[in-house]
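One file, work21.cif, is given below (mmCIF, C-alpha atoms).
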```
data_target
loop_
_atom_site.label_atom_id
_atom_site.label_comp_id
_atom_site.auth_asym_id
_atom_site.auth_seq_id
_atom_site.Cartn_x
_atom_site.Cartn_y
_atom_site.Cartn_z
CA MET K 1 -91.82 16.36 39.78
CA THR K 2 -89.18 16.69 42.40
CA GLU K 3 -85.57 17.61 41.84
CA ASP K 4 -84.51 13.97 42.31
CA ASP K 5 -86.96 12.79 39.70
CA ARG K 6 -85.67 15.31 37.19
CA THR K 7 -82.06 14.23 37.84
CA ARG K 8 -82.89 10.58 37.35
CA ALA K 9 -84.71 11.29 34.12
CA MET K 10 -81.67 13.11 32.67
CA ARG K 11 -79.18 10.35 33.58
CA SER K 12 -78.19 7.82 30.91
CA PRO K 13 -77.98 4.11 31.60
CA GLY K 14 -74.60 2.97 32.79
CA ASP K 15 -73.73 6.31 34.33
CA ALA K 16 -71.80 5.31 37.40
CA ARG K 17 -71.99 8.65 39.17
CA PRO K 18 -73.89 8.51 42.50
CA LEU K 19 -77.50 9.53 42.39
CA PRO K 20 -78.91 11.86 44.94
CA ARG K 21 -79.58 10.11 48.16
CA PRO K 22 -83.31 9.49 48.65
CA GLN K 23 -84.75 10.53 51.87
CA GLY K 24 -83.73 8.10 54.56
CA GLY K 25 -81.76 5.80 52.17
CA PRO K 26 -78.18 5.18 51.07
CA MET K 27 -76.58 6.76 48.02
CA ARG K 28 -77.16 4.91 44.74
CA SER K 29 -75.20 4.80 41.50
CA GLY K 30 -76.61 5.42 38.09
CA GLY K 31 -78.24 2.31 36.62
CA ALA K 32 -79.12 0.92 40.07
CA PRO K 33 -82.78 0.15 40.75
CA ALA K 34 -84.67 2.98 42.28
CA HIS K 35 -86.11 0.70 44.94
CA GLN K 36 -84.42 -2.02 46.87
CA VAL K 37 -85.24 -5.49 45.55
CA PRO K 38 -86.47 -7.66 48.35
CA GLY K 39 -83.83 -10.14 49.48
CA ALA K 40 -80.96 -8.37 47.69
CA GLU K 41 -78.11 -6.65 49.40
CA PRO K 42 -78.09 -2.91 49.04
CA THR K 43 -75.71 -1.54 46.42
CA ARG K 44 -72.84 0.25 48.04
CA VAL K 45 -70.64 2.79 46.36
CA ASN K 46 -66.87 2.61 46.85
CA ALA K 47 -67.07 -0.43 49.04
CA PRO K 48 -63.62 -1.58 50.19
CA PRO K 49 -62.34 -4.66 48.28
CA SER K 50 -62.43 -7.99 49.97
CA ALA K 51 -59.18 -9.22 51.39
CA ALA K 52 -59.71 -12.57 49.65
CA GLU K 53 -59.88 -11.00 46.18
CA PRO K 54 -57.17 -9.03 44.43
CA PRO K 55 -58.08 -5.42 43.88
CA ARG K 56 -59.79 -4.79 40.55
CA SER K 57 -60.07 -1.67 38.57
CA SER K 58 -63.30 0.10 39.21
CA SER K 59 -63.45 1.53 35.68
CA ARG K 60 -66.05 0.38 33.22
CA VAL K 61 -65.94 -0.20 29.48
CA TYR K 62 -69.18 0.58 27.71
CA GLY K 63 -71.11 0.24 30.92
CA LYS K 64 -69.54 -3.07 31.96
CA ALA K 65 -66.88 -3.72 34.52
CA ARG K 66 -63.41 -4.13 32.92
CA SER K 67 -61.44 -7.27 33.65
CA GLY K 68 -57.78 -7.29 34.68
CA ASN K 69 -55.68 -5.15 36.97
CA SER K 70 -53.59 -3.17 34.44
CA PRO K 71 -54.23 0.53 34.08
CA VAL K 72 -56.45 1.69 31.28
CA ARG K 73 -54.46 2.76 28.19
CA PRO K 74 -55.85 5.77 26.38
CA LEU K 75 -57.05 5.38 22.82
CA GLY K 76 -55.09 6.84 19.92
CA LYS K 77 -51.41 6.68 18.79
CA PRO K 78 -48.82 5.55 21.34
CA PRO K 79 -46.64 8.33 22.69
CA LYS K 80 -43.32 8.97 20.89
CA GLU K 81 -40.14 7.82 22.58
CA PRO K 82 -37.95 10.67 23.79
CA ARG K 83 -35.14 11.65 21.40
CA ALA K 84 -31.55 10.95 22.32
CA PRO K 85 -29.64 14.04 23.41
CA ARG K 86 -27.30 15.75 20.97
CA THR K 87 -23.59 15.89 21.59
CA PRO K 88 -22.05 19.35 21.24
CA GLY K 89 -21.22 19.92 17.58
CA GLY K 90 -22.15 16.38 16.53
CA PRO K 91 -25.14 14.30 15.46
CA ARG K 92 -27.74 13.07 17.92
CA LEU K 93 -26.57 10.02 19.81
CA GLY K 94 -28.14 6.87 18.48
CA GLY K 95 -29.37 8.67 15.34
CA ARG K 96 -28.47 7.95 11.74
CA ILE K 97 -25.76 9.82 9.88
CA LYS K 98 -27.23 11.50 6.84
CA GLY K 99 -25.95 10.75 3.35
CA GLY K 100 -24.85 14.34 2.90
CA THR K 101 -22.65 14.10 5.98
CA ILE K 102 -20.96 10.95 4.65
CA LEU K 103 -20.27 12.63 1.30
CA LYS K 104 -18.76 15.63 3.07
CA ILE K 105 -16.50 13.37 5.13
CA LEU K 106 -15.38 11.45 2.03
CA ALA K 107 -14.77 14.68 0.12
CA GLY K 108 -12.67 15.97 3.02
CA VAL K 109 -10.59 12.78 3.13
CA VAL K 110 -10.00 12.89 -0.64
CA ALA K 111 -9.00 16.54 -0.45
CA VAL K 112 -6.50 15.84 2.34
CA LEU K 113 -5.00 12.92 0.40
CA LEU K 114 -4.65 15.05 -2.72
CA VAL K 115 -2.91 17.80 -0.78
CA LEU K 116 -0.58 15.30 0.88
CA SER K 117 0.18 13.69 -2.50
CA VAL K 118 1.08 17.03 -4.07
CA VAL K 119 3.18 18.07 -1.08
CA GLY K 120 4.84 14.64 -1.00
CA PHE K 121 5.63 14.81 -4.71
CA PHE K 122 7.39 18.15 -4.44
CA TRP K 123 9.13 17.06 -1.25
CA ILE K 124 10.49 13.88 -2.87
CA ASN K 125 11.35 15.66 -6.12
CA GLY K 126 13.33 18.27 -4.19
CA ARG K 127 15.38 15.60 -2.39
CA ILE K 128 16.50 13.72 -5.51
CA LYS K 129 20.21 14.09 -6.27
CA SER K 130 21.09 14.47 -9.93
CA VAL K 131 24.25 14.07 -11.98
CA GLU K 132 24.43 16.58 -14.80
CA GLY K 133 25.73 15.73 -18.25
CA VAL K 134 25.10 11.98 -18.05
CA LEU K 135 22.84 11.92 -21.12
CA ASP K 136 24.37 14.76 -23.11
CA ASP K 137 24.30 14.33 -26.87
CA TYR K 138 27.44 13.47 -28.80
CA GLU K 139 28.30 12.72 -32.39
CA GLY K 140 27.15 9.26 -33.47
CA ARG K 141 24.77 8.77 -30.54
CA PRO K 142 22.03 6.16 -31.26
CA ALA K 143 18.66 7.55 -32.32
CA ASP K 144 15.68 7.49 -30.01
CA THR K 145 13.66 4.25 -30.14
CA PRO K 146 10.21 3.16 -28.86
CA GLY K 147 9.86 2.38 -25.18
CA THR K 148 11.94 3.66 -22.26
CA ASN K 149 15.46 2.44 -21.48
CA TRP K 150 17.04 2.72 -18.03
CA LEU K 151 20.68 2.13 -17.13
CA LEU K 152 20.73 0.93 -13.49
CA VAL K 153 24.11 1.00 -11.77
CA GLY K 154 25.09 -0.36 -8.37
CA SER K 155 28.07 1.66 -7.19
CA ASP K 156 30.55 0.43 -4.60
CA SER K 157 31.00 3.97 -3.29
CA ARG K 158 31.57 4.00 0.49
CA GLU K 159 30.25 7.56 0.73
CA GLY K 160 28.03 7.92 3.81
CA LEU K 161 29.53 4.87 5.60
CA SER K 162 31.43 5.31 8.84
CA ALA K 163 34.46 3.21 9.74
CA ALA K 164 32.21 1.02 11.91
CA ASP K 165 29.75 0.62 9.01
CA ARG K 166 32.51 -0.39 6.61
CA LYS K 167 33.77 -2.98 9.08
CA LYS K 168 30.28 -4.35 9.77
CA LEU K 169 29.36 -4.56 6.08
CA ALA K 170 32.81 -5.83 5.03
CA THR K 171 33.04 -3.23 2.26
CA GLY K 172 36.75 -2.51 2.71
CA ARG K 173 38.43 0.90 2.60
CA ALA K 174 38.57 1.49 -1.14
CA VAL K 175 38.11 5.10 -2.15
CA GLY K 176 36.37 6.45 -5.21
CA ARG K 177 33.48 4.80 -7.02
CA ARG K 178 33.34 1.66 -9.11
CA THR K 179 30.42 -0.30 -10.47
CA ASP K 180 29.46 -3.50 -8.73
CA SER K 181 26.51 -4.19 -11.02
CA MET K 182 25.00 -2.81 -14.23
CA MET K 183 21.59 -3.57 -15.70
CA LEU K 184 19.64 -2.37 -18.72
CA LEU K 185 15.87 -2.13 -18.18
CA HIS K 186 13.59 -1.76 -21.21
CA ILE K 187 9.99 -0.65 -20.52
CA PRO K 188 7.87 -1.21 -23.66
CA ASP K 189 5.25 1.22 -24.90
CA GLY K 190 2.73 -1.60 -25.31
CA SER K 191 1.42 -4.25 -22.95
CA ASP K 192 4.46 -6.55 -23.14
CA ARG K 193 6.46 -7.26 -20.00
CA PRO K 194 9.55 -5.16 -19.26
CA THR K 195 12.94 -6.76 -19.90
CA LEU K 196 15.80 -6.54 -17.39
CA VAL K 197 19.23 -7.42 -18.83
CA SER K 198 22.34 -7.84 -16.69
CA LEU K 199 25.55 -6.44 -18.16
CA PRO K 200 28.45 -8.35 -16.54
CA ARG K 201 30.91 -5.88 -15.05
CA ASP K 202 33.84 -7.87 -16.50
CA SER K 203 32.47 -7.78 -20.06
CA ALA K 204 35.11 -7.04 -22.72
CA VAL K 205 33.97 -3.87 -24.55
CA SER K 206 35.37 -0.95 -26.51
CA ILE K 207 35.41 2.21 -24.38
CA PRO K 208 35.35 5.46 -26.38
CA GLY K 209 38.83 6.97 -26.37
CA GLN K 210 40.18 4.20 -24.12
CA GLY K 211 40.40 1.13 -26.32
CA ARG K 212 39.43 -2.37 -25.29
CA ASN K 213 38.77 -2.93 -21.57
CA LYS K 214 36.31 -4.27 -19.01
CA LEU K 215 32.92 -2.54 -18.85
CA ASN K 216 33.32 -1.35 -15.27
CA ALA K 217 36.56 0.39 -16.23
CA ALA K 218 34.47 2.95 -18.13
CA PHE K 219 32.84 4.03 -14.86
CA ALA K 220 36.17 4.12 -13.02
CA ILE K 221 37.78 6.22 -15.77
CA GLY K 222 35.02 8.64 -16.77
CA GLY K 223 32.16 8.16 -14.29
CA PRO K 224 28.48 7.89 -15.28
CA GLN K 225 28.98 9.93 -18.45
CA LEU K 226 31.57 7.61 -20.01
CA LEU K 227 29.78 4.47 -18.79
CA THR K 228 26.48 5.55 -20.37
CA ARG K 229 28.19 6.40 -23.67
CA THR K 230 29.98 3.02 -23.64
CA VAL K 231 26.74 1.09 -23.06
CA GLU K 232 24.99 3.02 -25.86
CA ASN K 233 27.83 2.24 -28.28
CA VAL K 234 28.05 -1.49 -27.59
CA THR K 235 24.27 -2.10 -27.50
CA GLY K 236 23.06 0.43 -30.08
CA ILE K 237 20.31 1.46 -27.61
CA ARG K 238 19.77 5.07 -26.55
CA ILE K 239 19.56 5.45 -22.76
CA ASP K 240 16.62 7.57 -21.57
CA ASN K 241 17.19 7.49 -17.79
CA TYR K 242 20.15 6.80 -15.51
CA MET K 243 20.04 5.75 -11.85
CA GLU K 244 22.90 4.87 -9.52
CA VAL K 245 22.70 3.37 -6.02
CA GLY K 246 25.62 3.27 -3.54
CA PHE K 247 26.35 0.83 -0.70
CA ALA K 248 24.93 3.04 2.05
CA GLY K 249 21.72 3.71 0.14
CA PHE K 250 21.40 0.05 -0.69
CA VAL K 251 21.30 -0.88 3.00
CA ASP K 252 18.92 1.97 3.92
CA ILE K 253 16.36 1.01 1.26
CA VAL K 254 16.24 -2.63 2.35
CA ASP K 255 15.93 -1.74 6.02
CA ALA K 256 13.25 0.88 5.26
CA VAL K 257 10.94 -1.77 3.75
CA GLY K 258 11.54 -4.13 6.67
CA GLY K 259 13.87 -6.52 4.85
CA VAL K 260 13.27 -8.74 1.82
CA GLU K 261 12.71 -12.46 1.41
CA ILE K 262 15.29 -14.18 -0.78
CA CYS K 263 15.45 -17.87 -1.65
CA VAL K 264 19.05 -19.11 -1.55
CA LYS K 265 19.77 -22.12 -3.80
CA ASN K 266 22.91 -23.25 -1.96
CA ALA K 267 24.52 -22.40 1.37
CA ILE K 268 27.02 -19.53 1.10
CA ASN K 269 29.96 -18.76 3.37
CA ASP K 270 31.94 -15.72 2.23
CA PRO K 271 33.92 -13.88 4.96
CA LYS K 272 35.06 -11.25 2.45
CA ALA K 273 31.43 -10.22 1.90
CA GLY K 274 30.55 -10.74 5.58
CA LEU K 275 28.06 -13.41 4.53
CA LYS K 276 27.02 -16.77 5.95
CA LEU K 277 23.70 -18.10 4.66
CA LYS K 278 21.89 -21.41 4.81
CA LYS K 279 20.05 -22.92 1.87
CA GLY K 280 16.38 -21.96 1.55
CA CYS K 281 14.10 -18.92 1.65
CA GLN K 282 14.91 -16.40 4.36
CA GLU K 283 14.38 -12.77 5.36
CA MET K 284 17.41 -10.54 4.81
CA ASP K 285 18.15 -7.14 6.29
CA GLY K 286 20.14 -4.49 4.45
CA GLY K 287 23.60 -5.69 5.46
CA THR K 288 22.87 -9.34 4.63
CA ALA K 289 21.29 -8.45 1.27
CA LEU K 290 24.33 -6.34 0.37
CA GLY K 291 26.64 -9.26 1.03
CA TYR K 292 24.34 -11.56 -0.98
CA VAL K 293 24.52 -9.47 -4.16
CA ARG K 294 28.27 -8.79 -3.80
CA THR K 295 29.55 -12.32 -3.14
CA ARG K 296 31.30 -14.22 -5.91
CA LYS K 297 30.92 -17.54 -4.15
CA GLY K 298 28.83 -20.34 -5.63
CA GLY K 299 28.25 -21.72 -9.10
CA ALA K 300 30.59 -22.79 -11.88
CA LEU K 301 30.54 -19.22 -13.25
CA PRO K 302 30.72 -16.92 -10.21
CA ASP K 303 30.18 -13.69 -12.20
CA PHE K 304 27.18 -15.18 -13.99
CA GLU K 305 25.65 -16.33 -10.68
CA ARG K 306 26.32 -12.89 -9.25
CA THR K 307 24.30 -11.17 -11.95
CA LYS K 308 21.40 -13.55 -11.34
CA ARG K 309 21.43 -12.73 -7.61
CA GLN K 310 21.47 -9.03 -8.39
CA ARG K 311 18.38 -9.33 -10.61
CA GLN K 312 16.68 -11.54 -8.04
CA PHE K 313 17.31 -9.06 -5.27
CA LEU K 314 16.29 -5.99 -7.29
CA SER K 315 12.92 -7.57 -8.19
CA ALA K 316 12.32 -8.61 -4.57
CA VAL K 317 13.05 -5.20 -3.05
CA VAL K 318 10.98 -3.27 -5.61
CA LYS K 319 7.98 -5.59 -5.17
CA LYS K 320 8.22 -5.21 -1.39
CA ALA K 321 8.51 -1.43 -1.66
CA ALA K 322 5.45 -1.25 -3.96
CA SER K 323 3.26 -3.42 -1.70
CA PRO K 324 0.23 -1.71 -0.06
CA GLY K 325 1.46 -2.64 3.41
CA VAL K 326 4.56 -0.49 2.87
CA LEU K 327 3.10 2.38 0.84
CA ILE K 328 0.06 3.17 3.05
CA ASN K 329 2.01 2.86 6.29
CA PRO K 330 3.70 6.19 7.08
CA PHE K 331 6.17 4.44 9.40
CA THR K 332 7.57 2.56 6.37
CA SER K 333 6.72 4.78 3.38
CA ILE K 334 8.37 7.93 4.80
CA PRO K 335 11.66 6.19 5.75
CA LEU K 336 11.57 4.47 2.34
CA ALA K 337 11.18 7.80 0.53
CA MET K 338 13.97 9.35 2.58
CA GLY K 339 16.25 6.35 2.16
CA ALA K 340 15.60 6.11 -1.57
CA THR K 341 16.18 9.79 -2.26
CA ASP K 342 19.35 9.76 -0.15
CA ALA K 343 20.53 6.58 -1.86
CA VAL K 344 20.09 7.29 -5.55
CA ARG K 345 21.70 9.64 -8.05
CA VAL K 346 19.94 10.19 -11.36
CA ASP K 347 20.45 12.14 -14.56
CA GLY K 348 19.23 15.72 -14.59
CA SER K 349 16.02 14.96 -16.53
CA THR K 350 14.79 12.19 -14.21
CA GLY K 351 12.21 13.10 -11.56
CA ALA K 352 9.77 11.54 -9.12
CA PHE K 353 7.30 10.47 -11.82
CA ASP K 354 10.08 8.66 -13.69
CA LEU K 355 11.09 6.82 -10.51
CA LEU K 356 7.44 5.84 -9.98
CA SER K 357 7.33 4.45 -13.52
CA LEU K 358 10.52 2.50 -12.80
CA GLY K 359 9.01 1.02 -9.64
CA LEU K 360 5.82 -0.02 -11.42
CA ALA K 361 7.82 -1.66 -14.20
CA MET K 362 10.01 -3.58 -11.77
CA GLY K 363 6.94 -4.69 -9.85
CA GLY K 364 5.34 -5.97 -13.07
CA ASP K 365 7.30 -9.25 -13.18
CA PRO K 366 9.87 -8.30 -15.85
CA VAL K 367 11.64 -10.81 -18.07
CA THR K 368 15.14 -11.18 -16.61
CA THR K 369 18.18 -12.29 -18.55
CA VAL K 370 21.89 -11.63 -19.09
CA VAL K 371 23.81 -10.75 -22.23
CA PRO K 372 24.65 -14.04 -23.98
CA PHE K 373 28.38 -14.74 -23.69
CA GLY K 374 30.84 -17.50 -24.38
CA GLY K 375 34.54 -17.76 -23.62
CA ASN K 376 37.02 -15.20 -22.36
CA GLU K 377 39.06 -12.39 -23.85
CA SER K 378 42.28 -10.92 -22.57
CA VAL K 379 42.00 -7.15 -22.14
CA ALA K 380 44.11 -4.65 -20.22
CA GLY K 381 46.27 -7.43 -18.83
CA GLY K 382 43.39 -9.54 -17.49
CA ASP K 383 40.66 -11.96 -18.52
CA ALA K 384 37.26 -10.55 -19.43
CA VAL K 385 33.91 -12.05 -20.46
CA LYS K 386 33.47 -12.25 -24.23
CA TRP K 387 29.91 -11.70 -25.51
CA ASP K 388 28.26 -13.99 -28.05
CA ARG K 389 28.07 -11.26 -30.68
CA ALA K 390 25.33 -12.85 -32.83
CA ALA K 391 23.00 -13.66 -29.91
CA ALA K 392 23.70 -10.32 -28.19
CA THR K 393 22.82 -8.48 -31.40
CA GLN K 394 19.48 -10.33 -31.57
CA LEU K 395 18.79 -9.37 -27.97
CA PHE K 396 19.52 -5.67 -28.38
CA ASP K 397 17.74 -5.45 -31.76
CA ALA K 398 14.55 -6.79 -30.13
CA LEU K 399 14.74 -4.11 -27.44
CA LYS K 400 15.40 -1.36 -30.02
CA GLU K 401 12.32 -2.46 -31.97
CA ASP K 402 10.22 -2.64 -28.77
CA ARG K 403 9.36 -6.32 -29.16
CA PRO K 404 9.85 -9.38 -26.90
CA VAL K 405 13.27 -11.00 -26.90
CA PRO K 406 13.24 -14.26 -28.93
CA LYS K 407 13.03 -17.40 -26.80
CA ASP K 408 16.12 -18.97 -28.32
CA VAL K 409 18.14 -15.92 -27.27
CA LEU K 410 16.80 -16.19 -23.70
CA ASP K 411 17.72 -19.87 -23.67
CA LYS K 412 21.28 -19.04 -24.72
CA SER K 413 21.43 -16.46 -21.95
#
```

Could you rewrite the structure in this file as structure tokens?
Amino acid sequence: MTEDDRTRAMRSPGDARPLPRPQGGPMRSGGAPAHQVPGAEPTRVNAPPSAAEPPRSSSRVYGKARSGNSPVRPLGKPPKEPRAPRTPGGPRLGGRIKGGTILKILAGVVAVLLVLSVVGFFWINGRIKSVEGVLDDYEGRPADTPGTNWLLVGSDSREGLSAADRKKLATGRAVGRRTDSMMLLHIPDGSDRPTLVSLPRDSAVSIPGQGRNKLNAAFAIGGPQLLTRTVENVTGIRIDNYMEVGFAGFVDIVDAVGGVEICVKNAINDPKAGLKLKKGCQEMDGGTALGYVRTRKGGALPDFERTKRQRQFLSAVVKKAASPGVLINPFTSIPLAMGATDAVRVDGSTGAFDLLSLGLAMGGDPVTTVVPFGGNESVAGGDAVKWDRAAATQLFDALKEDRPVPKDVLDKS
């Protein structure tokens, strides 16, 4: 057996490798007949493709020619796509953020907020101005009762106002401090709504050591200390916290929250208060709001209408200040905190947490009313508002007992 015969015997069918060329003949591929079939064209290896046909792959699949022109894809799993590059110090671009990373980010944010809250608390607490001796004990002082009672005073002090400010706000040149408004806020221990009671400044009351006079005379004579003692004596309610706001602070607070919306029942034109308003709901800046709560124009009982405007404004400004849009925005919350702490004076025991409690109570839609009154009384050479003693007693007894004010008393108010 020749070498060619041994090679052919060892080749498997379908092997496309060229066989050794026989003597005097062309090269043959594996699987081709050993001898030329009569009438058939000789098999040629690597013959150039015809111009009329598109080139075909010369590979075979299981011994047969493969159809199509696409390259042969290897068997097995497809290759993995290349990973996105990593950014320096960060996760791979296009990759997922792991749950642990999210928790770390959230924990960091919470930690920063806690630190800022603590720092902010001490910063605000350190800026609060206090008046010592306002709530000092004295003989015959009313006993402590359930709930928390605030005496809120609007002072007409011009402190902090320049000559141009006084002219613009039409506050006049009066020196010293007098009360423009006084309100008693009761915050119950339970789930009942707070109660906000206006105390007309011209109310006829007995001032300790001064006889019969108007309520605001107590502030003019003896300041916050005598005013607080007078209110406790005529109401029988022990005051837990005192807060006073002056003209300048009043304007700053309103402007810090971006103004407040107030609905005006009737058009008001009061040059003395620097006020000219149309009927309807409108946005007021600090100067306009100050004129609105100070004016005595409008209504058959100007003082009574004035107290209603004061309660209306106070509720509006506190709700605006407590809104998320103001609190979470540093461009409004920081000026508000600065304006509020510059504006108010409190008793020595009142701090930032107490002011927060006050804001939450005022934002909780309190019941608003005024001390029931009827008729006038002549005191200190002038006319003063005379309280309806029976109805007023019912009102103050309800607050002392930490229960809602009876509806018939509210109707009389």

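Our summary of the geometry notes that atom CA of Glu283 of chain K is positioned 29.2 Å from atom CA of Tyr242 of chain K.
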
For this session: List the residues matched by the PyMOL selection byres ((chain K and resi 254) around 10) in the displayed structure as number ranges by chain, ordered by chain and then by residue number.
Result: K: 249-253, 255-260, 284-290, 316-318, 320-321, 336, 339-340

Using C-alpha atoms, can you export the residues from the last selection as a compact mmCIF listing (two decimals), in the frame of the given file?
```
# COMPACT_ATOMS: atom_id res chain seq x y z
CA GLY K 249 21.72 3.71 0.14
CA PHE K 250 21.40 0.05 -0.69
CA VAL K 251 21.30 -0.88 3.00
CA ASP K 252 18.92 1.97 3.92
CA ILE K 253 16.36 1.01 1.26
CA ASP K 255 15.93 -1.74 6.02
CA ALA K 256 13.25 0.88 5.26
CA VAL K 257 10.94 -1.77 3.75
CA GLY K 258 11.54 -4.13 6.67
CA GLY K 259 13.87 -6.52 4.85
CA VAL K 260 13.27 -8.74 1.82
CA MET K 284 17.41 -10.54 4.81
CA ASP K 285 18.15 -7.14 6.29
CA GLY K 286 20.14 -4.49 4.45
CA GLY K 287 23.60 -5.69 5.46
CA THR K 288 22.87 -9.34 4.63
CA ALA K 289 21.29 -8.45 1.27
CA LEU K 290 24.33 -6.34 0.37
CA ALA K 316 12.32 -8.61 -4.57
CA VAL K 317 13.05 -5.20 -3.05
CA VAL K 318 10.98 -3.27 -5.61
CA LYS K 320 8.22 -5.21 -1.39
CA ALA K 321 8.51 -1.43 -1.66
CA LEU K 336 11.57 4.47 2.34
CA GLY K 339 16.25 6.35 2.16
CA ALA K 340 15.60 6.11 -1.57
```

For this session: Run the PyMOL selection byres ((chain K and resi 376-383) around 7) mentally over the shown coordinates, then write out the matched residues as a list in words, using the chain letters and numbers from the document.
Result: Ala204, Arg212, Asn213, Gly374, Gly375, Ala384, Val385 and Lys386 of chain K

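The residue set within 7 Å of Val153 of chain K, counting only C-alpha atoms and dropping same-chain residues fewer than 2 places from it, reads K:Leu151, K:Ser155, K:Thr179, K:Ser181, K:Met182, K:Met183, K:Met243, K:Glu244, K:Val245.
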
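You can rank K:Lys407, K:Lys412, K:His186, K:Arg345 by their closest distance to Arg127 of chain K using all atoms listed in the file, and at the top of that list sits K:Arg345.
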
Problem set entry | Explicit residues for the PyMOL selection byres ((chain K and resi 393-396) around 8) (as a count of residues only) | 15

Exercise. Interatomic distance between atom CA of Ala273 of chain K and atom CA of Asp180 of chain K?
Worked result: 12.7 Å

Exercise. What is the distance between atom CA of Val131 of chain K and atom CA of Ala352 of chain K, in Å to one decimal?
Worked result: 15.0 Å

Could you add whatever atoms are missing so that segment 313-324 of chain K carries N, CA, C and O atoms, then write the result as a tab-separated table (two decimals), keeping the file's coordinate frame?
```tsv
chain	number	residue	atom	x	y	z
K	313	PHE	N	17.48	-10.00	-6.38
K	313	PHE	CA	17.31	-9.06	-5.27
K	313	PHE	C	16.55	-7.82	-5.69
K	313	PHE	O	15.65	-7.34	-4.99
K	314	LEU	N	16.92	-7.23	-6.84
K	314	LEU	CA	16.29	-5.99	-7.29
K	314	LEU	C	14.78	-6.18	-7.45
K	314	LEU	O	13.98	-5.33	-7.03
K	315	SER	N	14.36	-7.30	-8.03
K	315	SER	CA	12.92	-7.57	-8.19
K	315	SER	C	12.25	-7.72	-6.83
K	315	SER	O	11.14	-7.21	-6.62
K	316	ALA	N	12.92	-8.38	-5.89
K	316	ALA	CA	12.32	-8.61	-4.57
K	316	ALA	C	12.14	-7.30	-3.80
K	316	ALA	O	11.09	-7.07	-3.19
K	317	VAL	N	13.14	-6.43	-3.83
K	317	VAL	CA	13.05	-5.20	-3.05
K	317	VAL	C	12.04	-4.23	-3.65
K	317	VAL	O	11.31	-3.53	-2.92
K	318	VAL	N	11.95	-4.17	-4.99
K	318	VAL	CA	10.98	-3.27	-5.61
K	318	VAL	C	9.55	-3.75	-5.35
K	318	VAL	O	8.65	-2.95	-5.07
K	319	LYS	N	9.31	-5.05	-5.44
K	319	LYS	CA	7.98	-5.59	-5.17
K	319	LYS	C	7.58	-5.32	-3.72
K	319	LYS	O	6.43	-4.98	-3.43
K	320	LYS	N	8.52	-5.47	-2.80
K	320	LYS	CA	8.22	-5.21	-1.39
K	320	LYS	C	7.93	-3.72	-1.18
K	320	LYS	O	6.99	-3.35	-0.47
K	321	ALA	N	8.71	-2.86	-1.82
K	321	ALA	CA	8.51	-1.43	-1.66
K	321	ALA	C	7.18	-0.96	-2.24
K	321	ALA	O	6.57	-0.01	-1.76
K	322	ALA	N	6.70	-1.65	-3.30
K	322	ALA	CA	5.45	-1.25	-3.96
K	322	ALA	C	4.23	-1.92	-3.34
K	322	ALA	O	3.11	-1.67	-3.79
K	323	SER	N	4.40	-2.73	-2.31
K	323	SER	CA	3.26	-3.42	-1.70
K	323	SER	C	2.43	-2.43	-0.88
K	323	SER	O	2.96	-1.47	-0.30
K	324	PRO	N	1.09	-2.63	-0.82
K	324	PRO	CA	0.23	-1.71	-0.06
K	324	PRO	C	0.63	-1.58	1.40
K	324	PRO	O	0.52	-0.50	1.99
```
